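Data block for input.tsv (TSV, C-alpha atoms and all ligand atoms):
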chain	number	residue	atom	x	y	z
A	12	MET	CA	77.99	104.68	63.56
A	13	GLU	CA	77.27	106.30	66.86
A	14	ILE	CA	79.96	106.13	69.53
A	15	VAL	CA	78.77	106.40	73.13
A	16	ARG	CA	81.22	107.14	75.91
A	17	LEU	CA	80.67	105.36	79.23
A	18	HIS	CA	81.90	106.88	82.48
A	19	LEU	CA	83.14	103.95	84.51
A	20	SER	CA	85.52	105.20	87.20
A	21	VAL	CA	87.81	107.84	88.53
A	22	ILE	CA	91.34	106.84	89.54
A	23	HIS	CA	92.42	109.29	92.21
A	24	SER	CA	95.94	107.96	92.62
A	25	LEU	CA	96.79	108.76	88.98
A	26	ASN	CA	96.01	112.47	88.52
A	27	HIS	CA	92.28	111.84	89.18
A	28	ILE	CA	91.82	110.51	85.69
A	29	PRO	CA	88.47	109.22	84.49
A	30	VAL	CA	88.06	105.72	83.10
A	31	HIS	CA	85.94	105.43	79.97
A	32	GLY	CA	84.55	102.57	78.00
A	33	PHE	CA	82.98	103.08	74.57
A	34	VAL	CA	79.98	101.57	72.88
A	35	ILE	CA	79.99	101.45	69.10
A	36	LYS	CA	76.43	101.09	67.85
A	37	HIS	CA	76.95	98.89	64.84
A	38	PRO	CA	74.02	98.68	62.42
A	39	SER	CA	74.20	94.93	61.88
A	40	VAL	CA	76.21	93.46	64.75
A	41	GLY	CA	74.64	95.47	67.58
A	42	ALA	CA	76.62	97.06	70.39
A	43	ILE	CA	80.40	96.63	70.38
A	44	LEU	CA	81.95	97.54	73.73
A	45	VAL	CA	85.54	98.76	73.90
A	46	ASP	CA	86.96	98.15	77.40
A	47	THR	CA	85.03	97.26	80.55
A	48	GLY	CA	86.59	99.44	83.27
A	49	VAL	CA	87.83	98.46	86.70
A	50	GLY	CA	86.74	95.30	88.48
A	51	TYR	CA	85.84	95.02	92.14
A	52	PRO	CA	86.00	94.49	94.98
A	53	GLU	CA	89.78	94.06	95.21
A	54	GLU	CA	92.82	95.42	96.97
A	55	LEU	CA	93.70	97.16	93.73
A	56	VAL	CA	90.64	99.39	93.93
A	57	ARG	CA	91.83	100.63	97.31
A	58	GLU	CA	95.46	100.89	96.29
A	59	TRP	CA	94.67	103.06	93.25
A	60	LYS	CA	91.91	105.00	95.08
A	61	VAL	CA	89.29	104.17	92.51
A	62	VAL	CA	85.71	105.38	92.66
A	63	ASN	CA	84.06	102.69	90.66
A	64	ARG	CA	80.77	102.08	88.88
A	65	HIS	CA	79.05	99.00	87.56
A	66	VAL	CA	79.26	98.88	83.79
A	67	ALA	CA	75.59	97.85	83.68
A	68	ASP	CA	74.64	101.15	85.36
A	69	ALA	CA	76.76	103.09	82.88
A	70	LEU	CA	75.09	101.27	79.98
A	71	ALA	CA	71.64	101.87	81.45
A	72	GLU	CA	72.25	105.62	81.26
A	73	HIS	CA	72.18	105.13	77.51
A	74	ASP	CA	69.24	102.71	77.45
A	75	LEU	CA	71.55	99.77	76.92
A	76	SER	CA	71.96	96.59	78.90
A	77	PRO	CA	74.83	94.07	79.04
A	78	ALA	CA	72.78	91.70	76.86
A	79	ASP	CA	72.86	94.29	74.05
A	80	VAL	CA	76.65	94.00	73.89
A	81	ARG	CA	77.51	91.46	71.18
A	82	ILE	CA	81.28	91.91	71.07
A	83	VAL	CA	83.81	93.14	73.64
A	84	VAL	CA	87.16	94.53	72.56
A	85	ASN	CA	89.86	95.00	75.19
A	86	THR	CA	92.46	97.52	74.12
A	87	HIS	CA	94.69	95.78	76.64
A	88	LEU	CA	94.38	93.81	79.87
A	89	HIS	CA	95.36	96.30	82.55
A	90	PHE	CA	93.08	96.45	85.58
A	91	ASP	CA	91.16	99.53	84.38
A	92	HIS	CA	90.28	98.10	80.95
A	93	CYS	CA	89.12	94.52	81.51
A	94	GLY	CA	87.77	94.65	85.05
A	95	GLN	CA	84.16	93.87	84.25
A	96	ASN	CA	84.62	91.46	81.34
A	97	ALA	CA	82.72	88.83	83.31
A	98	VAL	CA	79.53	90.88	82.96
A	99	PHE	CA	79.69	89.96	79.26
A	100	LYS	CA	80.20	86.19	79.45
A	101	HIS	CA	77.96	85.80	76.42
A	102	ALA	CA	80.24	87.88	74.18
A	103	PRO	CA	83.57	87.09	72.55
A	104	PHE	CA	86.57	89.11	73.77
A	105	TYR	CA	88.75	90.49	71.00
A	106	VAL	CA	92.26	90.70	72.40
A	107	GLN	CA	95.71	90.62	70.85
A	108	ARG	CA	97.29	87.23	71.45
A	109	ALA	CA	100.51	88.93	72.60
A	110	GLU	CA	98.50	90.83	75.21
A	111	LEU	CA	96.82	87.76	76.65
A	112	ASP	CA	100.23	86.08	76.86
A	113	ARG	CA	101.70	89.10	78.64
A	114	ALA	CA	98.81	89.47	81.06
A	115	ARG	CA	98.76	85.79	81.97
A	116	LYS	CA	102.44	86.07	82.86
A	117	GLU	CA	102.26	89.39	84.71
A	118	ASN	CA	98.91	90.27	86.27
A	119	SER	CA	98.20	87.52	88.74
A	120	ILE	CA	95.74	89.57	90.84
A	121	THR	CA	93.57	90.70	87.98
A	122	ASN	CA	93.67	87.50	85.95
A	123	GLN	CA	90.31	86.38	87.33
A	124	TRP	CA	88.75	89.52	85.85
A	125	PHE	CA	89.34	88.40	82.29
A	126	ASP	CA	90.52	84.79	82.47
A	127	PHE	CA	87.44	83.23	84.04
A	128	ALA	CA	86.10	79.80	83.09
A	129	GLY	CA	84.26	79.96	79.80
A	130	ALA	CA	85.76	83.24	78.59
A	131	LYS	CA	85.56	83.17	74.80
A	132	TYR	CA	88.58	84.85	73.22
A	133	GLU	CA	88.94	85.98	69.67
A	134	LEU	CA	92.72	86.25	69.61
A	135	LEU	CA	94.20	88.70	67.11
A	136	ASP	CA	97.69	88.79	65.65
A	137	GLY	CA	98.03	92.40	64.55
A	138	ASP	CA	95.48	94.44	62.62
A	139	ALA	CA	92.11	92.80	62.05
A	140	GLU	CA	88.54	93.57	61.04
A	141	ILE	CA	86.08	93.19	63.90
A	142	ALA	CA	82.92	94.05	61.99
A	143	GLU	CA	82.19	95.95	58.81
A	144	GLY	CA	83.73	99.41	59.25
A	145	VAL	CA	85.28	98.57	62.62
A	146	ARG	CA	88.83	97.33	62.96
A	147	ALA	CA	91.53	96.76	65.49
A	148	VAL	CA	95.01	98.12	64.87
A	149	ALA	CA	97.97	96.90	66.87
A	150	THR	CA	99.49	99.84	68.78
A	151	PRO	CA	102.14	98.25	70.99
A	152	GLY	CA	104.22	100.26	73.44
A	153	HIS	CA	101.93	100.93	76.39
A	154	THR	CA	101.88	97.16	76.61
A	155	VAL	CA	103.31	94.69	74.14
A	156	GLY	CA	99.88	93.64	72.90
A	157	HIS	CA	98.03	96.95	73.05
A	158	GLN	CA	95.48	97.69	70.32
A	159	SER	CA	93.32	100.63	69.29
A	160	VAL	CA	89.94	100.52	67.58
A	161	ILE	CA	89.07	102.40	64.40
A	162	VAL	CA	85.52	103.18	63.31
A	163	GLU	CA	85.12	104.35	59.73
A	164	SER	CA	82.67	107.07	58.85
A	165	ASP	CA	82.02	109.46	55.99
A	166	GLU	CA	83.70	112.25	57.92
A	167	GLY	CA	86.81	110.18	58.49
A	168	ASP	CA	88.02	107.66	61.02
A	169	ALA	CA	87.21	107.78	64.72
A	170	VAL	CA	89.89	106.24	66.90
A	171	MET	CA	89.37	104.70	70.31
A	172	ILE	CA	92.98	104.97	71.25
A	173	GLY	CA	92.99	102.96	74.48
A	174	ASP	CA	96.10	103.84	76.47
A	175	ALA	CA	98.33	104.47	73.43
A	176	ALA	CA	97.98	108.03	74.80
A	177	TYR	CA	96.41	108.70	78.19
A	178	THR	CA	95.30	112.21	77.22
A	179	ALA	CA	94.59	114.38	74.19
A	180	ARG	CA	97.63	116.48	75.03
A	181	ILE	CA	99.93	113.46	75.10
A	182	TYR	CA	98.46	112.32	71.79
A	183	GLU	CA	99.00	115.74	70.21
A	184	GLN	CA	102.51	116.24	71.58
A	185	GLY	CA	103.57	112.65	70.96
A	186	ASP	CA	107.26	112.12	71.63
A	187	GLN	CA	107.61	115.67	72.97
A	188	ALA	CA	104.97	115.20	75.68
A	189	ASP	CA	106.01	115.70	79.29
A	190	LEU	CA	105.33	112.32	80.86
A	191	ARG	CA	106.70	112.95	84.32
A	192	GLN	CA	103.22	112.90	85.84
A	193	TRP	CA	102.17	109.86	83.84
A	194	ARG	CA	103.68	106.71	85.12
A	195	GLY	CA	103.25	103.71	82.89
A	196	GLN	CA	102.50	105.59	79.66
A	197	TYR	CA	104.85	103.21	77.88
A	198	SER	CA	106.54	99.94	78.68
A	199	ASP	CA	108.64	100.22	75.52
A	200	ARG	CA	109.30	103.79	74.49
A	201	GLU	CA	110.40	103.07	70.93
A	202	SER	CA	107.37	101.03	69.95
A	203	TRP	CA	105.12	103.44	71.85
A	204	SER	CA	106.28	106.40	69.72
A	205	ARG	CA	106.10	104.34	66.58
A	206	SER	CA	102.47	103.43	67.35
A	207	LEU	CA	101.58	107.04	68.11
A	208	ASN	CA	103.19	108.20	64.86
A	209	ALA	CA	101.29	105.54	62.93
A	210	LEU	CA	98.01	106.80	64.43
A	211	HIS	CA	98.92	110.41	63.54
A	212	ASP	CA	99.66	109.29	59.98
A	213	MET	CA	96.11	107.95	59.67
A	214	HIS	CA	94.82	111.53	60.13
A	215	PRO	CA	91.81	110.46	62.15
A	216	HIS	CA	88.81	112.74	62.29
A	217	THR	CA	88.38	112.23	66.03
A	218	VAL	CA	90.36	110.50	68.77
A	219	HIS	CA	88.63	109.27	71.94
A	220	PHE	CA	90.54	108.65	75.15
A	221	CYS	CA	90.01	106.20	77.99
A	222	HIS	CA	91.46	108.69	80.49
A	223	ASP	CA	90.58	112.13	79.14
A	224	THR	CA	87.18	113.65	78.44
A	225	ARG	CA	88.66	115.84	75.70
A	226	ILE	CA	88.20	114.50	72.19
A	227	ALA	CA	91.13	115.29	69.90
A	228	GLY	CA	90.92	116.44	66.32
A	229	GLN	CA	87.38	117.73	66.29
A	230	HIS	CA	88.25	120.36	63.75
A	231	SER	CA	87.47	119.42	60.14
B	1	ZN	ZN	94.30	102.71	81.53
Using the file provided, produce a representation of the structure as structure tokens.
Amino acid sequence: MEIVRLHLSVIHSLNHIPVHGFVIKHPSVGAILVDTGVGYPEELVREWKVVNRHVADALAEHDLSPADVRIVVNTHLHFDHCGQNAVFKHAPFYVQRAELDRARKENSITNQWFDFAGAKYELLDGDAEIAEGVRAVATPGHTVGHQSVIVESDEGDAVMIGDAAYTARIYEQGDQADLRQWRGQYSDRESWSRSLNALHDMHPHTVHFCHDTRIAGQHS
């Protein structure tokens, strides 16, 4: 299954990190989109100094359109991961139930980005299959209902890690990583390290990051 990385934004207020979404080209389901980037226009975009793009433009670079997207998976519901969900009103949103509960309680400004009238949720309680060869694994710690997406292939698993680690270096260093520059990497340190260890234990072939262009583990 081909995995296409979308370049959606740059967040200048947090170490100039990029914001990526990912399209999984599934042979029977069609395009599965993991995360939809930052919404706009909002105060948040100014506050975080975001240079933003429309997800439709990012898809068009790869000869895809929003209508091609059959399923949306949100790794979590922070502002840089669910901002353009409304572009995909026709698709179900696969979200951990714990995450939707958290976001509804906490994120009043961004709620309209994901919790619009008619939003169709597919609420998950832990690990779940999304389509043949594609599954969600609960990786709490960044947020209580964070999840990562695993795509199986002959070479091994590809992980779309979400914000379980912001960067390849944080992923590789795990608990030892210097997080002083990385506010918000975890909301609960203990479950964050446990999730990261669980991902390491899966020995993925490749790990893709929302906020780092480096791909980890690309040695055989
Ligand atoms: Zn993020």
Would you write out, as a tab-separated table, a table of all residues in chain A that have an atom no more than 9 Å from an atom of ligand ZN 1 (chain B), listing for each the closest atom pair and the distance in Å to one decimal, considering all atoms listed in the file and ordering rows by chain and rising residue number?
residue	atom	partner	partner_atom	distance
A:Val30	CA	B:ZN1	ZN	7.1
A:His31	CA	B:ZN1	ZN	8.9
A:Gly48	CA	B:ZN1	ZN	8.6
A:His87	CA	B:ZN1	ZN	8.5
A:His89	CA	B:ZN1	ZN	6.6
A:Phe90	CA	B:ZN1	ZN	7.6
A:Asp91	CA	B:ZN1	ZN	5.3
A:His92	CA	B:ZN1	ZN	6.1
A:Gly173	CA	B:ZN1	ZN	7.2
A:Asp174	CA	B:ZN1	ZN	5.5
A:Tyr177	CA	B:ZN1	ZN	7.2
A:Gln196	CA	B:ZN1	ZN	8.9
A:Cys221	CA	B:ZN1	ZN	6.6
A:His222	CA	B:ZN1	ZN	6.7
Inset, instruction - Could you check how far CA of Ser202 in chain A sits from CA of Val49 in chain A, in Å to one decimal? - result: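 Calculated distance between CA of Ser202 in chain A and CA of Val49 in chain A is 25.9 Å.
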Surrounding residues of range 101-110 of chain A excluding itself and chain neighbours under 4 positions, 10 Å, only C-alpha atoms, as a compact mmCIF listing (two decimals) with C-alpha atoms, in the frame of the given file:
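Here's the written file part_20.txt:
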# COMPACT_ATOMS: atom_id res chain seq x y z
CA ILE A 43 80.40 96.63 70.38
CA LEU A 44 81.95 97.54 73.73
CA VAL A 45 85.54 98.76 73.90
CA ASP A 46 86.96 98.15 77.40
CA PRO A 77 74.83 94.07 79.04
CA ALA A 78 72.78 91.70 76.86
CA ASP A 79 72.86 94.29 74.05
CA VAL A 80 76.65 94.00 73.89
CA ARG A 81 77.51 91.46 71.18
CA ILE A 82 81.28 91.91 71.07
CA VAL A 83 83.81 93.14 73.64
CA VAL A 84 87.16 94.53 72.56
CA ASN A 85 89.86 95.00 75.19
CA THR A 86 92.46 97.52 74.12
CA HIS A 87 94.69 95.78 76.64
CA LEU A 88 94.38 93.81 79.87
CA HIS A 89 95.36 96.30 82.55
CA CYS A 93 89.12 94.52 81.51
CA ASN A 96 84.62 91.46 81.34
CA ALA A 97 82.72 88.83 83.31
CA ALA A 114 98.81 89.47 81.06
CA ARG A 115 98.76 85.79 81.97
CA LYS A 116 102.44 86.07 82.86
CA PHE A 125 89.34 88.40 82.29
CA GLY A 129 84.26 79.96 79.80
CA ALA A 130 85.76 83.24 78.59
CA LYS A 131 85.56 83.17 74.80
CA TYR A 132 88.58 84.85 73.22
CA GLU A 133 88.94 85.98 69.67
CA LEU A 134 92.72 86.25 69.61
CA LEU A 135 94.20 88.70 67.11
CA ASP A 136 97.69 88.79 65.65
CA GLY A 137 98.03 92.40 64.55
CA ASP A 138 95.48 94.44 62.62
CA ALA A 139 92.11 92.80 62.05
CA ILE A 141 86.08 93.19 63.90
CA ALA A 147 91.53 96.76 65.49
CA VAL A 148 95.01 98.12 64.87
CA ALA A 149 97.97 96.90 66.87
CA PRO A 151 102.14 98.25 70.99
CA THR A 154 101.88 97.16 76.61
CA VAL A 155 103.31 94.69 74.14
CA GLY A 156 99.88 93.64 72.90
CA HIS A 157 98.03 96.95 73.05
CA GLN A 158 95.48 97.69 70.32
Legend entry - Distance in Å - CA of Gly152 in chain A versus CA of Tyr197 in chain A: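 That distance, rounded to one decimal, is 5.4 Å.
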Inset, instruction - Can you work out which one of A:Asp168, A:Glu54, A:Asp189, A:Glu183 has the shortest atom-to-atom distance to His214 in chain A, counting only C-alpha atoms? - result: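 Checking each of A:Asp168, A:Glu54, A:Asp189, A:Glu183 against His214 in chain A, counting only C-alpha atoms, the winner is A:Asp168.
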Inset, instruction - Return the single residue from A:Pro29, A:Pro38, A:Pro215, A:Gly94 that is closest to Thr178 in chain A, with distances computed using only C-alpha atoms. - result: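 Closest to Thr178 in chain A, using only C-alpha atoms: A:Pro29.
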Inset, instruction - Calculate how many Å separate CA of Gln184 in chain A from CA of Arg205 in chain A, rounding to one decimal. - result: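 Separating CA of Gln184 in chain A from CA of Arg205 in chain A is a distance of 13.4 Å.
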Legend entry - Nearest-residue call for Tyr51 in chain A, choices A:Leu17, A:Ala169, A:Val160, A:Ile120, using all atoms listed in the file: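 Nearest to Tyr51 in chain A: A:Ile120.
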Inset, instruction - Quick one: everything within 10 Å of Asp68 in chain A, counting all atoms listed in the file, minus sequence neighbours fewer than 4 positions away in the same chain. Send it as an MDAnalysis selection string. - result: chainID A and resid 17:19 64 72:77
